[in-house]
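Participant: I am sharing work-v5.txt, which consists of compact mmCIF, C-alpha atoms:
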```txt
# COMPACT_ATOMS: atom_id res chain seq x y z
CA MET A 1 2.36 -39.23 9.04
CA ASP A 2 -1.11 -40.10 10.24
CA SER A 3 -1.81 -39.80 13.95
CA GLU A 4 -3.79 -42.41 15.87
CA ASP A 5 -5.39 -39.55 17.83
CA THR A 6 -6.85 -37.97 14.69
CA VAL A 7 -10.62 -37.74 14.37
CA HIS A 8 -11.12 -38.39 10.66
CA ASP A 9 -14.90 -37.93 10.37
CA LEU A 10 -15.24 -34.27 9.36
CA THR A 11 -19.02 -34.46 9.80
CA ASP A 12 -18.42 -35.05 13.51
CA ASP A 13 -19.92 -32.36 15.76
CA ARG A 14 -16.44 -31.66 17.08
CA TYR A 15 -15.57 -29.96 13.79
CA GLN A 16 -16.47 -26.29 13.30
CA LEU A 17 -16.50 -24.96 9.73
CA ILE A 18 -14.13 -22.03 9.15
CA GLU A 19 -14.25 -21.75 5.38
CA GLU A 20 -15.82 -23.69 2.54
CA GLY A 21 -14.72 -22.96 -0.99
CA PRO A 22 -14.62 -24.64 -4.40
CA ALA A 23 -11.12 -26.00 -3.81
CA SER A 24 -11.17 -27.10 -0.16
CA THR A 25 -12.95 -27.07 3.18
CA VAL A 26 -11.30 -25.72 6.33
CA SER A 27 -12.60 -26.62 9.79
CA ARG A 28 -11.26 -26.58 13.31
CA THR A 29 -11.49 -29.12 16.11
CA TRP A 30 -10.40 -29.39 19.73
CA SER A 31 -7.91 -32.25 19.63
CA ALA A 32 -4.38 -33.44 20.37
CA PHE A 33 -1.64 -35.06 18.32
CA GLU A 34 1.19 -37.36 19.31
CA GLY A 35 0.94 -36.77 23.04
CA ARG A 36 0.57 -33.00 22.79
CA GLU A 37 -1.84 -31.04 24.95
CA LEU A 38 -5.39 -30.49 23.73
CA GLN A 39 -5.62 -27.46 21.46
CA TRP A 40 -7.51 -26.10 18.49
CA ILE A 41 -6.44 -27.89 15.31
CA VAL A 42 -7.26 -26.91 11.72
CA ALA A 43 -8.34 -29.60 9.29
CA LYS A 44 -8.00 -28.67 5.61
CA SER A 45 -9.69 -31.18 3.31
CA ALA A 46 -9.91 -31.51 -0.45
CA THR A 47 -10.56 -34.17 -3.02
CA ILE A 48 -7.69 -36.13 -4.50
CA ARG A 49 -9.81 -37.20 -7.43
CA LYS A 50 -8.59 -35.08 -10.30
CA LYS A 51 -11.90 -34.72 -12.13
CA PHE A 52 -13.50 -33.21 -9.03
CA SER A 53 -10.62 -30.93 -8.01
CA LYS A 54 -10.39 -27.26 -8.90
CA GLU A 55 -7.41 -26.72 -11.20
CA PRO A 56 -4.69 -25.71 -10.28
CA HIS A 57 -5.41 -26.15 -6.53
CA ASP A 58 -3.55 -29.25 -5.40
CA ILE A 59 -3.73 -30.49 -1.81
CA VAL A 60 -1.38 -33.37 -2.61
CA LYS A 61 1.33 -30.93 -3.68
CA GLU A 62 0.54 -28.69 -0.72
CA LEU A 63 1.17 -31.52 1.75
CA ARG A 64 4.32 -32.59 -0.08
CA ILE A 65 5.78 -29.08 -0.02
CA LEU A 66 4.79 -28.21 3.55
CA SER A 67 6.16 -31.50 4.86
CA LYS A 68 9.70 -30.51 3.89
CA LEU A 69 9.58 -26.90 5.07
CA SER A 70 10.63 -25.73 8.52
CA HIS A 71 10.42 -22.02 9.26
CA VAL A 72 8.94 -20.05 12.11
CA ASN A 73 6.93 -17.88 9.67
CA ILE A 74 5.48 -20.76 7.62
CA ILE A 75 2.63 -23.00 8.73
CA SER A 76 3.69 -26.43 9.97
CA VAL A 77 1.89 -29.77 9.54
CA PHE A 78 0.78 -31.87 12.50
CA SER A 79 -0.50 -34.86 10.59
CA HIS A 80 -2.59 -35.94 7.63
CA PHE A 81 -5.15 -38.56 6.72
CA LYS A 82 -6.05 -39.99 3.32
CA ASP A 83 -9.56 -41.39 2.96
CA THR A 84 -9.16 -43.75 0.02
CA THR A 85 -12.86 -44.56 -0.05
CA ALA A 86 -14.02 -40.94 -0.29
CA PHE A 87 -10.95 -39.84 -2.30
CA MET A 88 -10.23 -37.11 0.24
CA LEU A 89 -7.01 -35.86 1.82
CA THR A 90 -7.06 -33.97 5.11
CA ILE A 91 -4.10 -31.98 6.44
CA TYR A 92 -4.01 -31.13 10.14
CA LEU A 93 -2.42 -27.76 10.98
CA PRO A 94 -2.08 -25.42 13.96
CA TYR A 95 -5.03 -23.08 14.51
CA ILE A 96 -4.00 -19.42 14.39
CA PRO A 97 -6.83 -17.05 15.34
CA PHE A 98 -6.00 -13.80 13.53
CA SER A 99 -5.01 -12.62 10.06
CA LEU A 100 -3.46 -9.55 8.53
CA ALA A 101 -6.79 -8.97 6.77
CA GLN A 102 -8.44 -8.49 10.19
CA LEU A 103 -5.75 -6.07 11.28
CA LEU A 104 -6.09 -4.01 8.10
CA ALA A 105 -9.83 -3.65 8.71
CA ASN A 106 -9.18 -2.17 12.16
CA PRO A 107 -9.40 1.66 12.18
CA SER A 108 -6.91 1.79 15.06
CA PHE A 109 -4.22 0.58 12.65
CA SER A 110 -3.67 4.12 11.40
CA PRO A 111 -1.62 7.17 12.40
CA PHE A 112 -4.96 8.86 13.11
CA PRO A 113 -7.00 7.91 16.19
CA SER A 114 -10.31 8.48 14.37
CA PRO A 115 -11.78 10.17 11.28
CA SER A 116 -12.19 13.42 13.19
CA VAL A 117 -8.89 13.49 15.11
CA PRO A 118 -5.52 14.63 13.67
CA HIS A 119 -2.61 12.24 13.53
CA HIS A 120 -1.22 11.16 16.89
CA PRO A 121 2.59 10.72 17.28
CA THR A 122 2.37 7.72 19.62
CA GLN A 123 -0.21 5.92 17.50
CA GLU A 124 1.82 6.68 14.37
CA ALA A 125 4.97 5.28 15.98
CA ASN A 126 3.16 2.13 17.12
CA MET A 127 1.64 1.57 13.68
CA THR A 128 5.06 1.90 12.05
CA VAL A 129 6.62 -0.61 14.47
CA ILE A 130 3.85 -3.14 13.81
CA ALA A 131 3.89 -2.64 10.03
CA LYS A 132 7.67 -3.09 9.89
CA SER A 133 7.52 -6.21 12.02
CA PHE A 134 4.85 -7.90 9.94
CA ALA A 135 6.44 -6.91 6.64
CA PHE A 136 9.84 -8.14 7.84
CA GLN A 137 8.45 -11.47 9.01
CA THR A 138 6.59 -12.00 5.75
CA LEU A 139 9.79 -11.29 3.83
CA GLN A 140 11.66 -13.77 6.04
CA ALA A 141 9.20 -16.47 5.00
CA LEU A 142 9.52 -15.61 1.30
CA ALA A 143 13.30 -15.36 1.46
CA TYR A 144 13.36 -18.88 2.90
CA LEU A 145 11.01 -20.19 0.20
CA HIS A 146 12.76 -18.42 -2.68
CA ASP A 147 16.24 -19.53 -1.62
CA PRO A 148 17.80 -21.57 -4.47
CA ALA A 149 18.10 -24.51 -2.08
CA ARG A 150 14.28 -24.73 -2.16
CA GLY A 151 13.12 -22.74 -5.20
CA ILE A 152 9.52 -22.51 -3.97
CA ALA A 153 7.10 -19.65 -4.65
CA HIS A 154 3.81 -19.25 -2.79
CA ARG A 155 1.80 -17.63 -5.63
CA ASP A 156 -1.08 -16.48 -3.44
CA VAL A 157 0.32 -13.90 -1.03
CA LYS A 158 -2.55 -11.80 0.32
CA PRO A 159 -3.66 -10.49 3.73
CA SER A 160 -5.96 -13.43 4.48
CA ASN A 161 -3.07 -15.87 3.89
CA ILE A 162 -0.83 -14.03 6.36
CA LEU A 163 -1.93 -15.18 9.80
CA LEU A 164 -0.95 -13.59 13.11
CA THR A 165 -0.54 -15.30 16.46
CA PRO A 166 -1.50 -13.37 19.62
CA GLU A 167 2.23 -12.89 20.20
CA GLY A 168 2.58 -11.16 16.83
CA ARG A 169 4.24 -13.98 14.87
CA VAL A 170 3.46 -13.97 11.16
CA VAL A 171 2.53 -17.35 9.68
CA LEU A 172 2.17 -17.80 5.92
CA ILE A 173 -0.52 -20.35 5.00
CA ASP A 174 -2.28 -21.94 2.01
CA PHE A 175 0.26 -23.53 -0.32
CA GLY A 176 -2.39 -25.09 -2.57
CA ILE A 177 -1.12 -23.32 -5.70
CA ALA A 178 2.56 -23.06 -4.77
CA TRP A 179 5.28 -23.52 -7.39
CA GLU A 180 8.35 -25.69 -6.90
CA GLY A 181 11.10 -24.95 -9.37
CA ALA A 182 12.83 -28.28 -8.78
CA GLY A 183 9.96 -30.02 -10.55
CA THR A 184 6.68 -31.72 -9.80
CA SER A 185 5.93 -35.14 -8.39
CA SER A 186 4.16 -37.79 -10.40
CA GLY A 187 1.61 -37.89 -7.59
CA ASP A 188 0.60 -34.23 -7.94
CA LEU A 189 -2.94 -33.64 -9.16
CA TRP A 190 -1.90 -30.80 -11.49
CA PRO A 191 1.77 -31.16 -12.49
CA GLU A 192 3.51 -28.10 -13.94
CA ASP A 193 6.68 -27.63 -15.89
CA PRO A 194 8.59 -24.38 -16.54
CA GLU A 195 7.31 -24.19 -20.11
CA HIS A 196 3.66 -24.55 -19.18
CA MET A 197 2.96 -22.83 -15.87
CA TYR A 198 -0.46 -21.84 -14.62
CA PHE A 199 -1.29 -18.15 -14.91
CA GLU A 200 -4.59 -18.67 -13.03
CA VAL A 201 -2.78 -18.10 -9.74
CA SER A 202 -2.73 -15.37 -7.10
CA THR A 203 -5.88 -13.51 -6.05
CA GLY A 204 -7.61 -10.43 -7.40
CA ALA A 205 -5.93 -7.18 -6.47
CA TYR A 206 -2.66 -8.97 -5.58
CA ARG A 207 -2.06 -10.54 -9.02
CA ALA A 208 1.06 -9.49 -10.88
CA PRO A 209 0.31 -7.87 -14.26
CA GLU A 210 2.09 -10.52 -16.36
CA LEU A 211 -0.45 -13.10 -15.12
CA LEU A 212 -3.26 -11.06 -16.68
CA PHE A 213 -2.00 -11.58 -20.22
CA GLY A 214 -1.82 -15.36 -20.39
CA THR A 215 1.88 -15.99 -19.87
CA ARG A 216 2.84 -19.63 -19.38
CA THR A 217 6.48 -18.97 -18.49
CA TYR A 218 7.32 -16.52 -15.75
CA ASP A 219 9.40 -15.91 -12.64
CA ALA A 220 7.21 -17.32 -9.86
CA ALA A 221 9.24 -15.63 -7.10
CA ALA A 222 8.70 -12.27 -8.81
CA ILE A 223 4.94 -12.96 -8.68
CA ASP A 224 5.23 -13.15 -4.89
CA MET A 225 7.15 -9.90 -4.71
CA TRP A 226 4.51 -7.97 -6.67
CA SER A 227 1.88 -9.39 -4.29
CA VAL A 228 3.95 -8.30 -1.29
CA GLY A 229 4.09 -4.78 -2.74
CA ALA A 230 0.30 -4.70 -3.06
CA VAL A 231 -0.12 -6.00 0.51
CA LEU A 232 2.38 -3.51 1.92
CA ALA A 233 0.67 -0.62 0.13
CA GLU A 234 -2.68 -1.72 1.56
CA MET A 235 -1.36 -1.19 5.09
CA PHE A 236 -1.45 2.55 4.35
CA SER A 237 -4.52 2.94 2.12
CA THR A 238 -7.88 4.48 3.00
CA LEU A 239 -10.18 2.91 5.59
CA ARG A 240 -13.76 2.95 4.34
CA LEU A 241 -16.95 2.51 6.36
CA TYR A 242 -19.64 0.42 4.71
CA SER A 243 -22.92 -1.31 5.48
CA ASP A 244 -24.35 -4.49 4.06
CA ASP A 245 -27.76 -2.81 4.09
CA ASP A 246 -26.69 0.24 2.09
CA ASP A 247 -27.87 0.12 -1.53
CA ALA A 248 -24.68 1.90 -2.56
CA TYR A 249 -22.77 -1.25 -1.64
CA ASP A 250 -25.15 -3.73 -3.20
CA GLU A 251 -23.77 -3.21 -6.68
CA GLU A 252 -22.68 -6.26 -8.62
CA GLU A 253 -19.11 -4.96 -8.74
CA PRO A 254 -18.46 -2.70 -5.73
CA VAL A 255 -15.31 -0.62 -5.88
CA TYR A 256 -13.13 -0.65 -2.80
CA SER A 257 -9.85 0.14 -4.50
CA ALA A 258 -7.70 3.17 -3.70
CA GLN A 259 -8.67 6.51 -5.18
CA ALA A 260 -6.17 9.35 -5.53
CA GLY A 261 -6.63 12.06 -2.93
CA ASP A 262 -8.97 10.15 -0.63
CA PRO A 263 -8.53 10.94 3.08
CA PRO A 264 -7.36 8.37 5.69
CA PHE A 265 -11.02 7.55 6.54
CA VAL A 266 -14.05 7.70 4.27
CA VAL A 267 -17.50 7.73 5.86
CA PRO A 268 -20.30 7.80 3.25
CA PRO A 269 -23.00 10.45 3.81
CA LYS A 270 -25.65 7.89 4.76
CA LEU A 271 -23.51 6.25 7.43
CA ARG A 272 -21.96 7.24 10.73
CA VAL A 273 -19.23 5.70 12.86
CA GLY A 274 -20.67 3.31 15.44
CA GLN A 275 -23.89 2.76 13.53
CA PRO A 276 -25.15 -0.87 13.73
CA GLU A 277 -24.51 -3.10 10.72
CA THR A 278 -21.47 -1.07 9.69
CA GLN A 279 -17.85 -2.08 9.54
CA TRP A 280 -14.57 -0.85 8.18
CA CYS A 281 -12.66 -2.17 5.20
CA ARG A 282 -9.35 -1.01 3.81
CA ASP A 283 -9.01 -0.20 0.13
CA THR A 284 -6.83 -2.45 -1.98
CA LEU A 285 -4.32 -0.52 -4.07
CA PHE A 286 -5.63 -2.09 -7.28
CA ASN A 287 -9.16 -3.11 -8.24
CA GLY A 288 -9.41 -6.88 -8.51
CA ARG A 289 -13.19 -7.02 -8.78
CA ARG A 290 -13.65 -6.25 -12.47
CA GLY A 291 -11.91 -9.14 -14.16
CA GLU A 292 -8.45 -9.37 -15.66
CA ILE A 293 -8.78 -6.45 -18.06
CA GLY A 294 -10.29 -4.29 -15.33
CA LEU A 295 -7.46 -5.20 -12.96
CA ALA A 296 -4.87 -4.47 -15.64
CA TRP A 297 -6.38 -1.05 -16.27
CA SER A 298 -6.50 -0.24 -12.55
CA ILE A 299 -2.79 -1.09 -12.38
CA PHE A 300 -1.96 0.98 -15.45
CA LYS A 301 -3.88 4.01 -14.13
CA ILE A 302 -1.53 4.08 -11.13
CA ARG A 303 1.71 2.63 -12.47
CA GLY A 304 1.37 4.02 -15.99
CA THR A 305 0.53 2.24 -19.24
CA PRO A 306 3.47 -0.04 -20.15
CA THR A 307 5.84 1.33 -22.76
CA ASP A 308 9.00 0.05 -24.40
CA GLU A 309 10.92 1.96 -21.75
CA THR A 310 8.98 0.92 -18.64
CA TRP A 311 8.34 -2.71 -19.66
CA PRO A 312 10.34 -3.71 -22.76
CA THR A 313 8.98 -7.28 -22.87
CA PHE A 314 5.30 -6.43 -22.32
CA ARG A 315 4.35 -6.96 -25.98
CA ASP A 316 5.88 -10.44 -25.81
CA LEU A 317 3.11 -11.59 -23.47
CA PRO A 318 0.54 -13.77 -25.30
CA GLY A 319 -2.45 -11.52 -24.63
CA ALA A 320 -0.75 -8.13 -24.73
CA SER A 321 -1.69 -7.42 -28.36
CA SER A 322 -5.35 -8.40 -27.95
CA VAL A 323 -6.38 -5.16 -26.27
CA ASP A 324 -5.25 -1.54 -26.49
CA PHE A 325 -5.17 0.62 -23.40
CA MET A 326 -5.27 4.38 -23.24
CA VAL A 327 -1.78 5.72 -22.60
CA VAL A 328 -1.64 7.28 -19.14
CA PRO A 329 1.37 8.33 -17.07
CA LYS A 330 2.55 6.89 -13.79
CA VAL A 331 0.98 8.54 -10.72
CA PRO A 332 2.81 9.03 -7.40
CA LEU A 333 1.83 6.28 -4.97
CA VAL A 334 1.68 8.68 -2.04
CA SER A 335 -1.64 10.11 -3.28
CA PHE A 336 -3.28 6.69 -2.85
CA LEU A 337 -1.88 5.96 0.62
CA PRO A 338 -3.21 8.56 3.09
CA ASN A 339 -2.41 6.44 6.17
CA LEU A 340 1.34 6.71 5.65
CA SER A 341 3.42 8.04 8.50
CA SER A 342 5.06 11.45 8.27
CA ASP A 343 8.39 9.81 7.31
CA SER A 344 7.04 7.95 4.30
CA ALA A 345 9.94 8.06 1.84
CA PRO A 346 11.62 4.74 2.84
CA VAL A 347 8.47 2.62 2.76
CA LEU A 348 7.32 4.23 -0.48
CA ASP A 349 10.66 3.34 -2.01
CA LEU A 350 10.26 -0.26 -0.85
CA ILE A 351 6.76 -0.52 -2.31
CA GLU A 352 8.01 0.96 -5.58
CA SER A 353 10.78 -1.64 -5.71
CA PHE A 354 8.20 -4.45 -5.50
CA LEU A 355 5.77 -2.95 -8.02
CA ALA A 356 8.20 -2.72 -10.92
CA TYR A 357 6.79 -3.90 -14.24
CA PRO A 358 9.75 -5.98 -15.49
CA PRO A 359 9.89 -9.00 -13.12
CA PRO A 360 13.72 -9.04 -12.99
CA GLN A 361 13.63 -5.49 -11.59
CA ARG A 362 11.49 -6.41 -8.57
CA LEU A 363 13.43 -6.45 -5.35
CA ALA A 364 14.02 -10.01 -4.11
CA ALA A 365 12.85 -10.98 -0.64
CA ARG A 366 16.36 -11.59 0.69
CA GLU A 367 17.52 -8.18 -0.53
CA ALA A 368 14.37 -6.49 0.79
CA LEU A 369 15.26 -7.55 4.35
CA ASN A 370 18.15 -5.09 4.13
CA HIS A 371 16.16 -2.21 2.66
CA ALA A 372 16.51 1.24 4.23
CA TRP A 373 12.99 1.03 5.70
CA PHE A 374 14.27 -1.68 8.03
CA THR A 375 17.11 0.49 9.32
CA GLY A 376 17.07 0.68 13.10
CA GLN A 377 15.46 -1.76 15.50
CA ILE A 378 12.76 -4.18 14.37
CA LEU A 379 10.44 -5.54 17.03
CA LEU A 380 9.79 -9.26 16.64
CA PRO A 381 8.21 -11.91 18.86
CA ARG A 382 10.58 -14.03 20.89
CA GLY A 383 12.15 -16.79 18.81
CA CYS A 384 11.23 -15.13 15.53
CA PHE A 385 14.43 -13.45 14.39
CA HIS A 386 16.18 -13.03 11.05
CA GLU A 387 16.50 -16.53 9.61
CA GLY A 388 19.97 -17.96 9.29
CA ALA A 389 22.11 -15.23 10.82
CA GLN A 390 22.57 -12.98 13.81
CA ASP A 391 20.80 -9.69 13.13
CA GLU A 392 21.46 -6.87 15.55
CA ARG A 393 18.40 -4.96 14.30
CA THR A 394 15.88 -7.47 15.63
CA VAL A 395 14.80 -7.10 19.25
CA SER A 396 12.06 -8.56 21.46
CA HIS A 397 11.71 -5.32 23.50
CA LEU A 398 11.41 -1.77 22.24
CA ASN A 399 10.86 1.15 24.62
CA ASN A 400 10.05 -1.39 27.36
CA GLN A 401 7.29 -2.95 25.25
CA GLU A 402 6.96 -6.27 23.45
CA LEU A 403 4.99 -6.82 20.27
CA PRO A 404 1.94 -8.31 22.08
CA ASP A 405 1.75 -5.11 24.14
CA LEU A 406 1.40 -3.01 21.01
CA LEU A 407 -1.03 -5.35 19.33
CA GLY A 408 -3.35 -5.44 22.36
CA ARG A 409 -6.73 -4.21 21.22
CA LEU A 410 -5.86 -4.46 17.54
CA LEU A 411 -6.14 -8.25 17.71
CA ALA A 412 -8.82 -8.34 20.43
```
Could you rewrite the structure in this file as structure tokens?
Facilitator:
Amino acid sequence: MDSEDTVHDLTDDRYQLIEEGPASTVSRTWSAFEGRELQWIVAKSATIRKKFSKEPHDIVKELRILSKLSHVNIISVFSHFKDTTAFMLTIYLPYIPFSLAQLLANPSFSPFPSPSVPHHPTQEANMTVIAKSFAFQTLQALAYLHDPARGIAHRDVKPSNILLTPEGRVVLIDFGIAWEGAGTSSGDLWPEDPEHMYFEVSTGAYRAPELLFGTRTYDAAAIDMWSVGAVLAEMFSTLRLYSDDDDAYDEEEPVYSAQAGDPPFVVPPKLRVGQPETQWCRDTLFNGRRGEIGLAWSIFKIRGTPTDETWPTFRDLPGASSVDFMVVPKVPLVSFLPNLSSDSAPVLDLIESFLAYPPPQRLAAREALNHAWFTGQILLPRGCFHEGAQDERTVSHLNNQELPDLLGRLLA
């Protein structure tokens, strides 16, 4: 419901712009709701006038879905305000300062202390604990969403939509293109039905391959699981130093996707660590910067060109017959993920189970929570344990440390 304490004028100086895109504007303000203490609040605003909205982004549906969800790893809603004169809807949400994307760009999130230092056992162990925790929490959120009682798929899982509190709690955000299997509301801006779903969902390197060939009927939960596989793989890909001033990175379509055999860190010849105007980025597993056909080919070069054996229904996709790809074999994932720990077999198996071509073969979120990679203790923030049941694996202390202790400078 609307709050009387809400400041609705987003041009007010109290609002600080966080992100402005074609679908919505995200700002933050120092405010309070319903008697709560003053805190940073996020205001996400978008038009509710259909002809001005960016299809299929739908803030009306986003508010409707979020208002009926309650999970520690999913963003909650404080309040909302509808400006009927300006045809705008604003959703007020908690402000969470960090994201998985920021963590992935940190060179300390690696088994190797620096490009010139061999792997360090303590740093490797800490990285594994953090990676397991964040993967587990993300899967908890998706298992909750995908449960038949809700039948919701996020459809835009990516590192920037996985936020992190200072305590290490994962929070999944941005439900603007979510899918609800139970049906759409007559008030949604862009209603969908199971026979005519949007394939213009998910983002770049995290898009499932079936979306690239124009399918209008697909398993939306399986879309999420492919995206999770791409995100999990990215935790272990190459860290690459780049500069905005370097001509090599001024190309129209820069390539920051994983290359077989690259080392854990890549420092171009013209750059050096610590040089001003430089920063690190982590390679995506697939290349989402060259359009749908380019993304499809980058997937096929790693996962193998689809065949009747590896993806029996591929040729049934509407756009599958419109282009022929060179037939190439599947390549071991390990060659693209140089920041894996020494005991990499379990996590590689988990990534493989998400990146299966046939959607029915992708491991479901609920099943993934019991994968062998999660054997042993899993360090979680207090109050953020396995949803719905007692889980003896989850602990708030590990070797006398809590998750915030390990995150320390990573989220500084």
Participant: Considering only C-alpha atoms, state which residue in the set A:Leu355, A:Cys281, A:Leu189, A:Ala372 is at the smallest distance from Ser257 in chain A.
Facilitator: A:Cys281
Participant: So that I can check the surroundings of Glu309 in chain A, please list as a VMD selection string every protein, DNA and RNA residue that reaches within 12 Å of it, counting all atoms listed in the file and ignoring chain neighbours fewer than 5 positions away.
Facilitator: chain A and resid 304 314 to 315 357 to 358
Participant: Report, in Å with one decimal, the straight-line distance from CA of Glu292 in chain A to CA of Ser202 in chain A.
Facilitator: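 Separation between CA of Glu292 in chain A and CA of Ser202 in chain A: 11.9 Å.
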Participant: I want to know what sits within 12 Å of range 145-148 of chain A, based on all atoms listed in the file, with residues of the same chain fewer than 5 positions away left out; could you give that as a short mmCIF file (atom, residue, chain, number, x, y, z; two decimals) with C-alpha atoms, keeping the file's coordinate frame?
Facilitator:
```
data_model
loop_
_atom_site.label_atom_id
_atom_site.label_comp_id
_atom_site.auth_asym_id
_atom_site.auth_seq_id
_atom_site.Cartn_x
_atom_site.Cartn_y
_atom_site.Cartn_z
CA ILE A 65 5.78 -29.08 -0.02
CA LEU A 66 4.79 -28.21 3.55
CA LYS A 68 9.70 -30.51 3.89
CA LEU A 69 9.58 -26.90 5.07
CA SER A 70 10.63 -25.73 8.52
CA HIS A 71 10.42 -22.02 9.26
CA ASN A 73 6.93 -17.88 9.67
CA ILE A 74 5.48 -20.76 7.62
CA THR A 138 6.59 -12.00 5.75
CA LEU A 139 9.79 -11.29 3.83
CA GLN A 140 11.66 -13.77 6.04
CA ALA A 153 7.10 -19.65 -4.65
CA HIS A 154 3.81 -19.25 -2.79
CA ARG A 155 1.80 -17.63 -5.63
CA LEU A 172 2.17 -17.80 5.92
CA PHE A 175 0.26 -23.53 -0.32
CA ALA A 178 2.56 -23.06 -4.77
CA TRP A 179 5.28 -23.52 -7.39
CA GLU A 180 8.35 -25.69 -6.90
CA GLY A 181 11.10 -24.95 -9.37
CA ALA A 182 12.83 -28.28 -8.78
CA ASP A 219 9.40 -15.91 -12.64
CA ALA A 220 7.21 -17.32 -9.86
CA ALA A 221 9.24 -15.63 -7.10
CA ALA A 222 8.70 -12.27 -8.81
CA ILE A 223 4.94 -12.96 -8.68
CA ASP A 224 5.23 -13.15 -4.89
CA MET A 225 7.15 -9.90 -4.71
CA ALA A 364 14.02 -10.01 -4.11
CA ALA A 365 12.85 -10.98 -0.64
CA ARG A 366 16.36 -11.59 0.69
CA GLU A 367 17.52 -8.18 -0.53
CA GLU A 387 16.50 -16.53 9.61
CA GLY A 388 19.97 -17.96 9.29
#
```
Participant: Go through A:Ala356, A:Cys384, A:Met197, A:Leu410 and flag the residue nearest Val72 in chain A, using all atoms listed in the file for the distances.
Facilitator: A:Cys384
Participant: One decimal, in Å: what's the spacing between CA of Ser342 in chain A and CA of Leu407 in chain A?
Facilitator: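 According to the coordinates, CA of Ser342 in chain A and CA of Leu407 in chain A are separated by 21.0 Å.
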Participant: Given the choices A:Phe87, A:Tyr92, A:Trp297, A:Trp226, which gets closest to Arg49 in chain A if the distance is worked out from all atoms listed in the file?
Facilitator: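 Once distances to Arg49 in chain A are computed over all atoms listed in the file, the minimum belongs to A:Phe87.
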Participant: Name all residues at most 6 Å from Ala43 in chain A (count all atoms listed in the file; drop same-chain ones fewer than 2 positions away) and give them as a PyMOL selection string.
Facilitator: chain A and resi 26-28+91-92
Participant: Phe136 in chain A: which residues within 12 Å, counting only C-alpha atoms, same-chain residues fewer than 3 positions away excluded, as a ChimeraX atom specification?
Facilitator: /A:73,128-133,139-143,168-171,228,232,347,350,365-371,373-375,377-381,384-387,393-394
Participant: In Å to one decimal, how far is CA of Gly229 in chain A from CA of Pro346 in chain A?
Facilitator: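 Separation between CA of Pro346 in chain A and CA of Gly229 in chain A: 13.4 Å.
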Participant: For Trp280 in chain A, find every residue with an atom within 9 Å (counting all atoms listed in the file), except residues of its own chain fewer than 5 positions away, and show them as a ChimeraX atom specification.
Facilitator: /A:105-107,239-243
Participant: When you get a chance, write out N, CA and C atoms for range 210-222 of chain A, as a PDB file, in the frame of the given file.
Facilitator:
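Listing of selection.pdb after writing:
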```
ATOM      1  N   GLU A 210       1.777  -9.552 -15.307  1.00  0.00           N
ATOM      2  CA  GLU A 210       2.090 -10.520 -16.360  1.00  0.00           C
ATOM      3  C   GLU A 210       1.109 -11.687 -16.367  1.00  0.00           C
ATOM      4  N   LEU A 211       0.513 -12.001 -15.185  1.00  0.00           N
ATOM      5  CA  LEU A 211      -0.450 -13.100 -15.120  1.00  0.00           C
ATOM      6  C   LEU A 211      -1.740 -12.761 -15.861  1.00  0.00           C
ATOM      7  N   LEU A 212      -2.004 -11.487 -16.076  1.00  0.00           N
ATOM      8  CA  LEU A 212      -3.260 -11.060 -16.680  1.00  0.00           C
ATOM      9  C   LEU A 212      -3.264 -11.174 -18.187  1.00  0.00           C
ATOM     10  N   PHE A 213      -2.119 -11.532 -18.761  1.00  0.00           N
ATOM     11  CA  PHE A 213      -2.000 -11.580 -20.220  1.00  0.00           C
ATOM     12  C   PHE A 213      -1.561 -12.968 -20.710  1.00  0.00           C
ATOM     13  N   GLY A 214      -1.911 -13.989 -19.903  1.00  0.00           N
ATOM     14  CA  GLY A 214      -1.820 -15.360 -20.390  1.00  0.00           C
ATOM     15  C   GLY A 214      -0.432 -15.958 -20.480  1.00  0.00           C
ATOM     16  N   THR A 215       0.547 -15.424 -19.772  1.00  0.00           N
ATOM     17  CA  THR A 215       1.880 -15.990 -19.870  1.00  0.00           C
ATOM     18  C   THR A 215       1.948 -17.383 -19.249  1.00  0.00           C
ATOM     19  N   ARG A 216       2.648 -18.278 -19.886  1.00  0.00           N
ATOM     20  CA  ARG A 216       2.840 -19.630 -19.380  1.00  0.00           C
ATOM     21  C   ARG A 216       4.262 -19.858 -18.864  1.00  0.00           C
ATOM     22  N   THR A 217       5.120 -18.874 -19.027  1.00  0.00           N
ATOM     23  CA  THR A 217       6.480 -18.970 -18.490  1.00  0.00           C
ATOM     24  C   THR A 217       6.791 -17.656 -17.786  1.00  0.00           C
ATOM     25  N   TYR A 218       7.070 -17.732 -16.510  1.00  0.00           N
ATOM     26  CA  TYR A 218       7.320 -16.520 -15.750  1.00  0.00           C
ATOM     27  C   TYR A 218       8.132 -16.838 -14.507  1.00  0.00           C
ATOM     28  N   ASP A 219       8.632 -15.793 -13.875  1.00  0.00           N
ATOM     29  CA  ASP A 219       9.400 -15.910 -12.640  1.00  0.00           C
ATOM     30  C   ASP A 219       8.404 -15.966 -11.480  1.00  0.00           C
ATOM     31  N   ALA A 220       8.220 -17.150 -10.901  1.00  0.00           N
ATOM     32  CA  ALA A 220       7.210 -17.320  -9.860  1.00  0.00           C
ATOM     33  C   ALA A 220       7.558 -16.533  -8.599  1.00  0.00           C
ATOM     34  N   ALA A 221       8.844 -16.413  -8.275  1.00  0.00           N
ATOM     35  CA  ALA A 221       9.240 -15.630  -7.100  1.00  0.00           C
ATOM     36  C   ALA A 221       8.891 -14.160  -7.295  1.00  0.00           C
ATOM     37  N   ALA A 222       9.040 -13.660  -8.529  1.00  0.00           N
ATOM     38  CA  ALA A 222       8.700 -12.270  -8.810  1.00  0.00           C
ATOM     39  C   ALA A 222       7.200 -12.023  -8.682  1.00  0.00           C
TER      40      ALA A 222
END
```
